[in-house]
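Each remark here refers to the structure printed beneath this line.
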Number of protein chains: 2
Amino acid sequence: MPSHRLMERLTEYIEENRDLFIEDLRRICREPSVSAQGKGIEGCVKEVNRLMSEVGIEAETIPVEGGNPVILGTVKAGSDAGCIGFYNHYDVQPPEPLELWETPPFEADVRNGKIYARGVSDNKGVLVARIEAVRTILNVMGKVPVNLKFMVEGEEEIGSPNLPSFVRENMNRLKADGYLWEGNGVDEKGRPIITLGAKGILYVEFRARGANRDLHSSMAPIIPNPAWRIVWALSSMKGPDGRIRIEGWYDDVIEPTEVELKLLEEAPFEEEMKKRELGLRSFLNDLTGIEALKALYLTPTCNICGLNSGYTGPGSKTVLPSEAMAKVDFRLVEAQRPDKLIVKLREHLEREGFGDVEIVSYGGYEPAKTPPDDPFVKFVIETAERIYKSKPVVWPTSAGTSPIYTIKNWMGIPVASAGGVGHPGSNIHAPNENIRISDYLKAIRYTVALITSYKPSK
Amino acid sequence: MPSHRLMERLTEYIEENRDLFIEDLRRICREPSVSAQGKGIEGCVKEVNRLMSEVGIEAETIPVEGGNPVILGTVKAGSDAGCIGFYNHYDVQPPEPLELWETPPFEADVRNGKIYARGVSDNKGVLVARIEAVRTILNVMGKVPVNLKFMVEGEEEIGSPNLPSFVRENMNRLKADGYLWEGNGVDEKGRPIITLGAKGILYVEFRARGANRDLHSSMAPIIPNPAWRIVWALSSMKGPDGRIRIEGWYDDVIEPTEVELKLLEEAPFEEEMKKRELGLRSFLNDLTGIEALKALYLTPTCNICGLNSGYTGPGSKTVLPSEAMAKVDFRLVEAQRPDKLIVKLREHLEREGFGDVEIVSYGGYEPAKTPPDDPFVKFVIETAERIYKSKPVVWPTSAGTSPIYTIKNWMGIPVASAGGVGHPGSNIHAPNENIRISDYLKAIRYTVALITSYKPSK
């Protein structure tokens, strides 16, 4: 832990360079880098590289075949000093609908103590905060006390299609004692939010076909209807009780630990507000309280994302469709594996008489969790409590997915998502995405604290 | 029955006026009258009126509030002479896609012994053939031997929304011994096709709602998914065995008579050709032969016409939809009633736990059948055999629907659909709709024979 005097000097440096830090972030936000649209990738990569080099991070741009480059950043402290890894992404969601933005999404307007830009919260703000933390330490202390590695990818918003193979091919260069993932932010009470894992996912499309063209619906008594095939196939997978009926689906599920359940019990859950906000009288199957949280974070799902067949316009059209499809995402929990489950899904359809229903896979993520009592995680949590002066809200895992399994499962490295710059009104993935400047500066302080107080456990 | 000499004179008249009859039909076909698009209705009504008046039919255009007018035509023969009614429609399907037409759809081009035009087969050809039959009889004989009534509506192609109330309000004016419906045509062997009924229909849309907006699919464990509600609600109505599971659905079904089943057994059914043409290895549930025909013509259906929810574009999107809908048509058989069944449907959903699923009704048709041994039907069949010199193919009912129930069920008048001008390559509802001129002239002869040989049964 740095001395009180040193911590004061570091904090002063951050205050003195506030305008520089804001301008650096705005410059990066002005580079669009929309991965889904292939827009402005190169310019953003160049700016991130430039900023890393300027503050003293050795930056290397590694091309990805058929994808956007990964930027690896390194700061050396010596072979005995341990190593902290940081994962971020420089790509952003598409800014549309543009007409709902109060100022253009790539102008990075500053007003009312906030910066407004697509990607400023998710997740250029954290990325630049971490870079500025390194600048702060190097300028105040002359060196970093721990080795640092930055992995900054450019395809997170399109599902990180190339990250798994990148990690597989670069494991030696990516080694670290623990990783800080992209981070969340603070909740409405200013409590820092920390997440220790992510669900996995298997995303598939089911397709059924009937006659070679749409027919008049009077033919329905003798012509197979693919819409019915899809409806029945889906019904065979899950009924109204929510339980997935595919044989062996739950075989590999590891039940949550006592510590994880305790975290959920301590977590804030404004369920009445949430229901009101979503226009719901009750949650699914009348779930409430801890049972709702356990479902949300710790159970697998089978969710219909999309359905399409036949005539979907206004009024009536008597048609017997020739095609039908359903898009379904299965969220997975520790330790389910998408590659094993798609086989079970195929077997299920065959067994239930739906061998005619085609499965198109859009890929999967493994679930991954780092235990709350892991030493690295404890260090991340304690440091957050010290800097934010508030007990962090710690989620044992996220309800969503993220590619952390590449680091956690494949390399065996603990991962915590912490130190983000978001707040409840950040509007990520939506118009008028923004961060509060005070949260941004605090994220820099938090990263400075992490780096300067880290002690490798050996 | 007219004398051989008279029949010869009538036939000669038809031959002599062949060009006039063709030009009259082409003129009517050049008036678009697309009810779905509200195009050219007035012009067509005027031309039909003009032609009726010209041949000696007293024509009256009756406005329909919020709809297209009905043309009533009358030819008087005296109060003891009996009365034959004709039902036709002057409206046509939209001509799109226009680029697939070899000549413009409203040009009525004549080539290779055929007339090409939207609506020429369905069903302006029959309408004009019947009018020209009257001209023939009046010009050769000076008067008609039986009273004639024409009911020509302009909304058949959009489901005849105003016909039921029109019939209710005009029952006195519409009375007849029997009705000739719009007619079919001949099959590939030149056999005239006669249909004695139609299935009914109930068309509904099911709608389900979840949260007040689409959500990230990670929320699936606690937020109701309307796509699942629709899928499960549909599954509760019908399973893969095809049996409709709604309580009481089959209560009012009247089993087909021996005579009707015999007609099906005698009917041609090119099932292998049909399967090949539709790209199917087998019909639904491996139905073949008479079992397939019984299913097609004599069983109720529950058919999904359309499904829609959430994300339906390419690739994957992890969304939890806020809305889902399914369009379903139920075909009904004698003596099911759509107004009773929609109540049973509502009760079914409540009972099965789907009270949240909304039903929007797009209306219904009653099924209706005239028995094959009805005297009027027998007369229609025998006359067809005499003129076409071929045993007619008689279907006890159609697999589709038609508003004949307004005349058959509500007024108790026998109805047969016969005397059409179509052939297997007529492309009705499709580009390059056409009729063969020889079929058109034969339809005129057939109608002349019907009118001149009719004897009221008293």
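Chain identifiers are assigned as A, B, and so on, following the order in which chains appear in the structure tokens; residues are numbered from 1 within each chain, and ligands are numbered from 1 in order of appearance.
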
Next on the checklist: Based on the backbone DSSP call, show me all residues of segment 74-245 of chain B assigned alpha helix (DSSP H), as a VMD selection string.
Outcome noted: chain B and resid 125 to 141 163 to 169 171 to 174 226 to 237

Next on the checklist: Select, as a PyMOL selection string, those residues of chain B with any atom no more than 6 Å from chain A (distances computed using only C-alpha atoms).
Outcome noted: chain B and resi 211-212+218+221-224+231+278-279+283-284+295-296+305-312+319-320+399-400

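With only C-alpha atoms as the atoms that count, the minimum distance from Lys442 of chain B to the choices B:Pro105, B:Pro375, B:Gly125, B:Gly78 is reached by B:Gly125.
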
Item to check | Between atom CA of Ala117 of chain A and atom CA of Val75 of chain A, distance in Å (one decimal) | outcome: 28.9 Å

Checklist entry - Which residue gives the smallest distance to Ser160 of chain A among A:Val126, A:Ala133, A:Ile404, A:Leu174, with only C-alpha atoms counted? => result A:Ile404

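Atom pair atom CA of Arg245 of chain B / atom CA of Glu358 of chain B has a distance of 18.5 Å (rounded to one decimal).
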
Checklist entry - Excluding same-chain residues fewer than 6 positions from segment 142-146 of chain B, what lies within 6 Å of it counting only C-alpha atoms, as number ranges by chain? => result B: 77, 81-83

Checklist entry - Could you write out, as a PyMOL selection string, all the residues of segment 80-176 of chain B that DSSP marks as strand (DSSP E)? => result chain B and resi 83-89+109-111+114-116+147-153

Using N, CA and C atoms, can you write the selected residues to a file as a tab-separated table (two decimals), in the first residue's frame?
chain	number	residue	atom	x	y	z
B	83	CYS	N	-87.28	-19.62	-61.16
B	83	CYS	CA	-86.23	-18.58	-61.19
B	83	CYS	C	-84.86	-19.19	-60.95
B	84	ILE	N	-83.93	-18.84	-61.81
B	84	ILE	CA	-82.53	-19.23	-61.59
B	84	ILE	C	-81.74	-17.99	-61.18
B	85	GLY	N	-80.93	-18.13	-60.15
B	85	GLY	CA	-80.07	-17.03	-59.71
B	85	GLY	C	-78.62	-17.28	-60.12
B	86	PHE	N	-77.93	-16.21	-60.38
B	86	PHE	CA	-76.49	-16.30	-60.68
B	86	PHE	C	-75.72	-15.40	-59.73
B	87	TYR	N	-74.65	-15.94	-59.18
B	87	TYR	CA	-73.76	-15.11	-58.35
B	87	TYR	C	-72.44	-14.95	-59.08
B	88	ASN	N	-71.99	-13.72	-59.22
B	88	ASN	CA	-70.65	-13.44	-59.74
B	88	ASN	C	-70.05	-12.26	-59.00
B	89	HIS	N	-68.79	-12.01	-59.28
B	89	HIS	CA	-68.18	-10.78	-58.74
B	89	HIS	C	-67.40	-10.11	-59.85
B	109	ASP	N	-55.00	-9.09	-73.87
B	109	ASP	CA	-54.40	-9.54	-75.12
B	109	ASP	C	-54.96	-10.91	-75.53
B	110	VAL	N	-55.18	-11.06	-76.84
B	110	VAL	CA	-55.64	-12.35	-77.37
B	110	VAL	C	-54.49	-12.99	-78.14
B	111	ARG	N	-54.10	-14.19	-77.77
B	111	ARG	CA	-53.08	-14.92	-78.54
B	111	ARG	C	-53.24	-16.41	-78.29
B	114	LYS	N	-56.32	-17.77	-76.68
B	114	LYS	CA	-56.59	-17.46	-75.27
B	114	LYS	C	-56.72	-15.95	-75.07
B	115	ILE	N	-57.40	-15.59	-74.01
B	115	ILE	CA	-57.46	-14.19	-73.60
B	115	ILE	C	-56.69	-14.08	-72.28
B	116	TYR	N	-55.73	-13.14	-72.23
B	116	TYR	CA	-54.91	-12.95	-71.03
B	116	TYR	C	-55.32	-11.66	-70.33
B	147	ASN	N	-87.42	-17.05	-65.06
B	147	ASN	CA	-86.94	-15.79	-64.50
B	147	ASN	C	-85.46	-15.92	-64.14
B	148	LEU	N	-84.72	-14.82	-64.34
B	148	LEU	CA	-83.29	-14.84	-64.04
B	148	LEU	C	-82.94	-13.69	-63.10
B	149	LYS	N	-82.07	-14.00	-62.15
B	149	LYS	CA	-81.58	-12.94	-61.26
B	149	LYS	C	-80.05	-12.99	-61.22
B	150	PHE	N	-79.46	-11.86	-61.38
B	150	PHE	CA	-78.01	-11.76	-61.27
B	150	PHE	C	-77.65	-10.96	-60.02
B	151	MET	N	-76.75	-11.53	-59.21
B	151	MET	CA	-76.19	-10.75	-58.10
B	151	MET	C	-74.69	-10.68	-58.36
B	152	VAL	N	-74.21	-9.47	-58.62
B	152	VAL	CA	-72.79	-9.30	-58.97
B	152	VAL	C	-72.15	-8.36	-57.96
B	153	GLU	N	-71.32	-8.93	-57.08
B	153	GLU	CA	-70.73	-8.09	-56.04
B	153	GLU	C	-69.33	-7.62	-56.43
